[in-house]
file my_file-v4.txt (compact mmCIF, C-alpha atoms)
# COMPACT_ATOMS: atom_id res chain seq x y z
CA MET A 258 0.00 0.00 0.00
CA SER A 259 1.40 3.40 -0.96
CA PHE A 260 2.09 6.17 1.52
CA LEU A 261 -0.84 8.21 0.12
CA SER A 262 -3.26 5.29 0.46
CA GLU A 263 -2.17 4.70 4.03
CA GLY A 264 -2.67 8.39 4.82
CA VAL A 265 -6.14 8.43 3.30
CA SER A 266 -7.08 5.32 5.28
CA ASP A 267 -5.89 6.94 8.51
CA LEU A 268 -7.86 10.12 7.78
CA ARG A 269 -11.04 8.14 7.13
CA ARG A 270 -10.63 6.19 10.35
CA THR A 271 -10.07 9.41 12.31
CA ALA A 272 -13.08 11.12 10.68
CA ARG A 273 -15.36 8.25 11.67
CA GLY A 274 -14.33 8.24 15.31
CA TRP A 275 -13.64 11.91 16.05
CA ARG A 276 -16.24 14.22 17.49
CA TRP A 277 -15.86 17.32 15.34
CA GLY A 278 -16.45 20.70 16.93
CA ARG A 279 -18.44 21.48 20.04
CA ARG A 280 -21.85 20.46 18.77
CA SER A 281 -23.90 18.37 21.13
CA GLN A 282 -24.56 14.75 20.24
CA VAL A 283 -28.10 15.18 21.53
CA PRO A 284 -30.58 16.00 18.72
CA ARG A 285 -31.61 19.64 18.77
CA SER A 286 -35.25 18.63 18.98
CA ALA A 287 -34.50 16.99 22.36
CA GLU A 288 -32.50 19.90 23.79
CA PRO A 289 -34.15 22.43 26.13
CA TYR A 290 -34.72 25.85 24.60
CA VAL A 291 -32.09 28.43 25.44
CA LEU A 292 -31.60 31.92 24.10
CA PRO A 293 -29.06 31.96 21.25
CA ALA A 294 -25.62 33.08 22.24
CA LYS A 295 -24.36 36.39 20.93
CA GLN A 296 -22.48 35.89 17.67
CA THR A 297 -18.72 36.20 17.98
CA VAL A 298 -17.00 38.41 15.44
CA PHE A 299 -14.26 36.51 13.60
CA PRO A 300 -11.45 38.48 11.97
CA SER A 301 -10.21 36.91 8.74
CA ASP A 302 -8.14 39.68 7.16
CA TRP A 303 -4.96 37.80 8.04
CA SER A 304 -5.87 35.00 5.60
CA ARG A 305 -5.57 37.42 2.65
CA ARG A 306 -2.12 38.73 3.56
CA ARG A 307 1.12 37.60 1.96
CA PRO A 308 2.28 35.03 4.57
CA ALA A 309 -1.15 33.31 4.54
CA ILE A 310 -1.31 33.46 0.73
CA ALA A 311 2.08 31.73 0.49
CA ALA A 312 1.09 29.09 3.07
CA ARG A 313 -2.24 28.49 1.31
CA GLU A 314 -0.49 27.93 -2.02
CA VAL A 315 1.62 25.19 -0.45
CA ALA A 316 -1.38 23.68 1.33
CA GLN A 317 -3.60 23.68 -1.77
CA LYS A 318 -1.10 22.52 -4.37
CA GLY A 319 0.94 20.23 -2.13
CA GLY A 320 -1.81 18.74 0.03
CA LEU A 321 -5.41 19.54 -0.90
CA GLU A 322 -5.21 19.03 -4.66
CA PRO A 323 -3.41 15.63 -4.61
CA LEU A 324 -5.82 14.39 -1.93
CA PHE A 325 -8.85 15.69 -3.83
CA ARG A 326 -7.71 14.13 -7.12
CA SER A 327 -7.10 10.81 -5.38
CA GLN A 328 -10.75 10.66 -4.26
CA VAL A 329 -12.71 12.01 -7.26
CA ARG A 330 -12.43 12.59 -11.00
CA THR A 331 -13.33 15.96 -12.49
CA LYS A 332 -14.38 17.38 -15.84
CA VAL A 333 -14.24 21.18 -16.24
CA GLU A 334 -15.93 23.20 -18.99
CA GLY A 335 -16.29 26.91 -19.76
CA LEU A 336 -13.08 28.34 -18.32
CA ASP A 337 -12.60 30.33 -21.53
CA VAL A 338 -15.10 32.88 -20.19
CA LEU A 339 -12.48 33.99 -17.66
CA GLU A 340 -10.13 34.96 -20.48
CA ARG A 341 -12.55 37.69 -21.55
CA ILE A 342 -13.08 39.38 -18.18
CA GLU A 343 -11.01 40.84 -15.38
CA GLY A 344 -11.58 40.30 -11.70
CA PRO A 345 -12.96 40.68 -9.25
CA VAL A 346 -16.09 38.65 -10.01
CA ILE A 347 -18.66 36.72 -8.03
CA PHE A 348 -18.80 33.00 -8.72
CA ALA A 349 -22.38 31.94 -7.91
CA ALA A 350 -22.76 28.15 -7.66
CA ASN A 351 -25.28 25.54 -6.58
CA HIS A 352 -24.50 23.84 -3.27
CA ALA A 353 -24.89 20.13 -2.56
CA SER A 354 -21.79 18.96 -0.67
CA HIS A 355 -18.65 19.95 1.19
CA LEU A 356 -16.86 18.94 -2.01
CA ASP A 357 -18.28 22.00 -3.78
CA THR A 358 -15.71 24.48 -2.44
CA PRO A 359 -12.56 22.53 -3.36
CA LEU A 360 -14.13 21.62 -6.70
CA VAL A 361 -14.73 25.27 -7.61
CA LEU A 362 -11.36 26.51 -6.34
CA LEU A 363 -9.25 23.73 -7.85
CA SER A 364 -11.05 24.09 -11.20
CA LEU A 365 -10.02 27.75 -11.52
CA PRO A 366 -6.80 28.79 -13.28
CA ASP A 367 -4.05 29.46 -10.73
CA GLU A 368 -4.09 33.23 -11.20
CA TRP A 369 -7.82 33.28 -10.40
CA ARG A 370 -7.66 30.74 -7.59
CA ARG A 371 -5.00 32.75 -5.73
CA ARG A 372 -7.25 35.82 -5.68
CA THR A 373 -10.55 34.14 -4.77
CA ALA A 374 -12.17 34.03 -1.33
CA VAL A 375 -15.10 31.90 -0.20
CA ALA A 376 -18.10 33.07 1.83
CA ALA A 377 -18.74 30.48 4.56
CA ALA A 378 -21.38 30.11 7.27
CA ALA A 379 -20.13 31.57 10.55
CA ASP A 380 -22.19 29.16 12.66
CA TYR A 381 -20.64 26.11 10.98
CA PHE A 382 -17.10 26.83 9.78
CA PHE A 383 -16.26 29.35 12.48
CA ASP A 384 -17.77 27.71 15.55
CA THR A 385 -14.36 26.52 16.83
CA TRP A 386 -10.98 28.23 16.56
CA TRP A 387 -9.28 25.33 14.78
CA ARG A 388 -12.04 25.05 12.17
CA ALA A 389 -12.02 28.82 11.65
CA VAL A 390 -8.24 28.92 11.23
CA GLY A 391 -8.14 25.81 9.06
CA SER A 392 -10.88 26.87 6.64
CA SER A 393 -9.54 30.44 6.43
CA LEU A 394 -6.03 29.27 5.70
CA ILE A 395 -6.78 26.44 3.24
CA PHE A 396 -9.88 27.80 1.46
CA ASN A 397 -9.55 31.53 2.17
CA THR A 398 -12.99 31.60 3.76
CA PHE A 399 -14.49 34.54 5.59
CA PRO A 400 -17.58 34.25 7.81
CA ILE A 401 -21.11 35.14 6.81
CA ASP A 402 -23.76 35.21 9.53
CA ARG A 403 -26.81 33.44 8.11
CA ARG A 404 -28.91 35.05 10.86
CA GLY A 405 -28.03 38.61 9.88
CA GLY A 406 -25.50 39.50 12.60
CA SER A 407 -22.45 41.73 12.17
CA MET A 408 -19.10 40.37 11.06
CA ALA A 409 -15.55 41.68 11.20
CA THR A 410 -15.24 41.46 7.40
CA THR A 411 -17.99 42.01 4.86
CA PRO A 412 -18.16 40.65 1.29
CA GLY A 413 -18.08 44.22 -0.01
CA GLU A 414 -14.76 44.86 1.71
CA VAL A 415 -13.29 41.69 0.21
CA LEU A 416 -14.46 42.70 -3.28
CA ALA A 417 -13.09 46.22 -2.77
CA ASP A 418 -9.68 44.72 -2.02
CA GLY A 419 -9.70 43.06 -5.44
CA TRP A 420 -10.67 39.52 -4.39
CA SER A 421 -13.21 37.48 -6.31
CA LEU A 422 -15.84 35.66 -4.27
CA VAL A 423 -17.35 32.19 -4.31
CA ILE A 424 -20.93 32.42 -3.05
CA PHE A 425 -23.52 29.67 -2.71
CA PRO A 426 -26.81 31.61 -3.04
CA GLU A 427 -28.83 28.73 -1.58
CA GLY A 428 -27.20 29.49 1.77
CA THR A 429 -26.79 25.84 2.77
CA ARG A 430 -26.18 22.41 1.27
CA SER A 431 -29.04 20.64 -0.45
CA LYS A 432 -30.55 17.75 1.50
CA ASP A 433 -31.36 15.73 -1.61
CA GLY A 434 -28.94 17.03 -4.24
CA TRP A 435 -31.44 19.22 -6.10
CA MET A 436 -31.05 22.99 -6.25
CA GLY A 437 -32.97 25.09 -3.74
CA ASN A 438 -34.12 28.70 -3.73
CA PHE A 439 -31.51 31.38 -4.36
CA ARG A 440 -31.13 34.20 -1.90
CA MET A 441 -30.37 37.66 -3.23
CA GLY A 442 -26.89 38.16 -1.74
CA ALA A 443 -24.93 37.60 -4.96
CA ALA A 444 -27.30 39.83 -6.94
CA PHE A 445 -27.10 42.55 -4.28
CA LEU A 446 -23.29 42.53 -4.23
CA ALA A 447 -23.07 42.65 -8.01
CA HIS A 448 -25.56 45.51 -8.09
CA GLU A 449 -23.90 47.41 -5.26
CA HIS A 450 -20.25 47.02 -6.30
CA GLY A 451 -20.52 46.83 -10.07
CA VAL A 452 -18.91 43.39 -10.49
CA PRO A 453 -20.11 40.63 -12.83
CA VAL A 454 -21.59 37.35 -11.65
CA VAL A 455 -20.16 34.19 -13.22
CA PRO A 456 -22.74 31.38 -12.88
CA VAL A 457 -21.25 28.01 -11.95
CA ALA A 458 -23.04 24.67 -12.12
CA HIS A 459 -21.67 21.35 -10.95
CA ARG A 460 -23.01 17.82 -10.69
CA GLY A 461 -21.88 14.72 -8.88
CA THR A 462 -20.77 16.15 -5.54
CA PHE A 463 -23.95 14.97 -3.82
CA ALA A 464 -23.46 11.44 -5.18
CA ALA A 465 -19.82 11.48 -4.10
CA MET A 466 -20.32 12.98 -0.64
CA PRO A 467 -23.89 13.80 0.40
CA ARG A 468 -24.84 15.82 3.43
CA GLY A 469 -24.01 13.90 6.61
CA GLN A 470 -21.16 11.93 5.05
CA GLY A 471 -17.68 12.73 6.35
CA TRP A 472 -15.57 11.44 3.45
CA PRO A 473 -16.05 10.90 -0.32
CA SER A 474 -17.51 7.57 -1.35
CA PRO A 475 -14.99 5.02 -2.63
CA GLY A 476 -14.42 4.51 -6.31
CA ARG A 477 -13.36 8.03 -7.39
CA ARG A 478 -16.80 9.29 -8.37
CA GLN A 479 -17.10 11.59 -11.39
CA LEU A 480 -17.72 15.32 -10.85
CA THR A 481 -18.51 17.86 -13.58
CA ILE A 482 -18.41 21.65 -13.38
CA ARG A 483 -19.29 24.38 -15.90
CA PHE A 484 -18.62 28.12 -15.87
CA GLY A 485 -21.13 30.31 -17.71
CA GLU A 486 -21.03 33.70 -19.37
CA PRO A 487 -20.79 36.58 -16.87
CA LEU A 488 -23.98 38.39 -15.96
CA ARG A 489 -24.40 42.06 -15.09
CA PRO A 490 -27.47 43.96 -13.92
CA ARG A 491 -29.25 45.61 -16.82
CA GLU A 492 -29.99 49.29 -16.81
CA GLY A 493 -32.82 49.90 -14.38
CA GLU A 494 -32.90 46.26 -13.26
CA SER A 495 -33.42 45.84 -9.52
CA VAL A 496 -31.74 43.28 -7.29
CA ARG A 497 -35.02 41.38 -7.02
CA GLU A 498 -35.20 41.16 -10.82
CA PHE A 499 -31.52 40.27 -11.28
CA ALA A 500 -31.45 37.38 -8.79
CA PRO A 501 -33.78 35.10 -10.83
CA ARG A 502 -31.55 35.58 -13.88
CA ILE A 503 -28.60 34.21 -11.92
CA LYS A 504 -30.57 31.15 -10.88
CA ALA A 505 -31.83 30.65 -14.45
CA ALA A 506 -28.24 30.78 -15.76
CA VAL A 507 -27.15 28.08 -13.30
CA ALA A 508 -30.20 25.99 -14.24
CA THR A 509 -29.30 26.28 -17.94
CA LEU A 510 -25.74 25.14 -17.22
CA LEU A 511 -27.07 22.13 -15.32
CA ASP A 512 -29.33 21.30 -18.27
CA GLU A 513 -26.37 21.68 -20.63
CA ASP A 514 -24.29 19.31 -18.53
CA ARG A 515 -27.06 16.69 -18.58
CA THR A 516 -27.78 17.01 -22.31
CA THR A 517 -26.05 19.22 -24.89
CA TRP A 518 -25.25 22.89 -25.34
CA TRP A 519 -27.72 23.23 -28.23
CA ASP A 520 -30.60 21.48 -26.49
CA ALA A 521 -30.06 23.52 -23.30
CA ARG A 522 -29.98 26.83 -25.20
CA ARG A 523 -33.07 25.89 -27.21
CA ARG A 524 -35.02 25.10 -24.04
CA ALA A 525 -33.75 28.25 -22.32
CA SER A 526 -34.87 30.46 -25.22
CA SER A 527 -38.37 28.98 -25.07
CA GLY A 528 -38.61 29.02 -21.27
CA GLU A 529 -38.60 25.22 -21.02
CA THR A 530 -35.45 24.64 -18.97
CA PRO A 531 -36.11 21.74 -16.55
CA ASP A 532 -36.73 22.88 -13.00
CA PRO A 533 -33.38 22.59 -11.13
CA GLY A 534 -35.41 21.95 -7.98
CA GLY A 535 -36.18 18.49 -9.33
CA PRO A 536 -39.39 16.51 -9.84
CA ASP A 537 -42.27 16.69 -7.37
CA VAL A 538 -42.00 13.10 -6.18
CA ALA A 539 -41.29 11.25 -2.93
CA ALA A 540 -38.15 12.25 -1.04
CA TRP A 541 -36.46 8.88 -1.54
CA ARG A 542 -36.91 9.15 -5.31
CA ARG A 543 -35.40 12.64 -5.35
CA VAL A 544 -32.35 11.35 -3.49
CA TRP A 545 -32.18 8.29 -5.75
CA GLU A 546 -32.17 10.49 -8.86
CA GLN A 547 -29.11 12.34 -7.57
CA SER A 548 -27.24 9.25 -6.36
CA GLU A 549 -25.91 8.51 -9.85
CA SER A 550 -22.63 10.21 -10.74
CA PRO A 551 -22.66 12.01 -14.10
CA ALA A 552 -21.01 10.14 -16.94
CA PRO A 553 -17.82 11.91 -18.08
CA ASP A 554 -18.80 12.06 -21.77
CA ALA A 555 -22.56 11.47 -21.91
CA PRO A 556 -25.60 12.30 -19.76
CA GLY A 557 -26.72 9.68 -17.27
CA ARG A 558 -29.64 7.59 -18.48
CA ARG A 559 -31.90 8.38 -15.54
CA LEU A 560 -31.34 12.12 -15.72
CA ARG A 561 -31.69 12.15 -19.51
CA ALA A 562 -35.04 10.44 -19.17
CA TRP A 563 -36.09 12.95 -16.51
CA ALA A 564 -35.09 15.85 -18.78
CA ARG A 565 -37.22 14.46 -21.60
CA SER A 566 -40.22 14.03 -19.30
CA SER A 567 -39.85 17.64 -18.07
CA ARG A 568 -40.21 19.23 -21.51
call {"tool": "encode", "arguments": {"input": "my_file-v4.txt", "output": "structure tokens"}}
result
Amino acid sequence: MSFLSEGVSDLRRTARGWRWGRRSQVPRSAEPYVLPAKQTVFPSDWSRRRPAIAAREVAQKGGLEPLFRSQVRTKVEGLDVLERIEGPVIFAANHASHLDTPLVLLSLPDEWRRRTAVAAAADYFFDTWWRAVGSSLIFNTFPIDRRGGSMATTPGEVLADGWSLVIFPEGTRSKDGWMGNFRMGAAFLAHEHGVPVVPVAHRGTFAAMPRGQGWPSPGRRQLTIRFGEPLRPREGESVREFAPRIKAAVATLLDEDRTTWWDARRRASSGETPDPGGPDVAAWRRVWEQSESPAPDAPGRRLRAWARSSR
């Protein structure tokens, strides 16, 4: 067994037996009600300074990327759009797994990856000091309070410093792999700071590592990711009007990944893009639909059949 395989085996064994963070093992529904604690403000400016940038480059290229590639296979499309724009931009992607962040970052060209930060939930990634430091250093995350509290660093400040952002407009990971409702944060930031939104759609992360699973499934599951044409608010277009266009662009990219570019564009032009929220069926069937990894060169049979039935 190689050194890398032994290391991966040790990490899996540790992940299964370790109690991560300070979260109680008692279900929340069984806990007595207590007033929520006041949100701590987490500074993350240090993670975008030169020493942290240098350390992150070593961590990502020397540790994260080899480990990630050893667990999954990836297919990346649409990076040519980045050759026609200058940063900063907002990468708005669907969210189904903890694999989403490394997939997006490691798919970017190096010059973009080095200048991209990730908005992360303060109540999850910043609930312990070691998780806050680790995620900030390796993924260049900064905290976002999903409950509307104040933070030490805001997305606007990160954009103003010339950093692109990865934002998951759904706000949390999907429970069944299908795309949920988009919040208006990405649209608001683009509107407020005059930066384009690059829609990003990926498939396969839920099948490889669904919510509640601590390590990717064995067998190097296939992941696909597509970057779309940048979007900007139109003249007179409000944030509320712009946000649905971002979601529609991600939905079209998902349709393109399941079928073909031509078919996806034809359906988009006629308003017949399949609902990215998935079919209205039993929960187990929704999960089952997303449990198949996308084929690297052709759409999966189950999803192709679903796309035909949704026309």
call {"tool": "atom_distance", "arguments": {"input": "my_file-v4.txt", "atom1": "CA of Ala464 in chain A", "atom2": "CA of Asp512 in chain A"}}
result
17.4 Å
call {"tool": "residues_near_point", "arguments": {"input": "my_file-v4.txt", "point": "(-20.9, 34.8, -10.9)", "cutoff": "6 Å", "atoms": "only C-alpha atoms", "output": "list in words"}}
result
Ile347, Phe348, Ala349, Val454, Val455 and Pro456 of chain A
call {"tool": "closest_atom_pairs", "arguments": {"input": "my_file-v4.txt", "of": "range 453-488 of chain A", "to": "range 310-330 of chain A", "cutoff": "7 Å", "atoms": "all atoms listed in the file", "output": "CSV"}}
result
residue,atom,partner,partner_atom,distance
A:Pro473,CA,A:Gln328,CA,6.6
A:Arg477,CA,A:Val329,CA,4.0
A:Arg478,CA,A:Val329,CA,5.0
A:Gln479,CA,A:Arg330,CA,4.8
A:Leu480,CA,A:Arg330,CA,6.0
call {"tool": "atom_distance", "arguments": {"input": "my_file-v4.txt", "atom1": "CA of Val544 in chain A", "atom2": "CA of Asp433 in chain A"}}
result
4.9 Å
call {"tool": "atom_distance", "arguments": {"input": "my_file-v4.txt", "atom1": "CA of Ala377 in chain A", "atom2": "CA of Gly535 in chain A"}}
result
25.3 Å
call {"tool": "residues_around", "arguments": {"input": "my_file-v4.txt", "residues": "Pro359 in chain A", "least_positions_apart": "2", "cutoff": "9 Å", "atoms": "all atoms listed in the file", "output": "list in words"}}
result
Leu321, Glu322, Phe325, His355, Leu356, Asp357, Val361, Leu362, Leu363, Ser364 and Phe396 of chain A
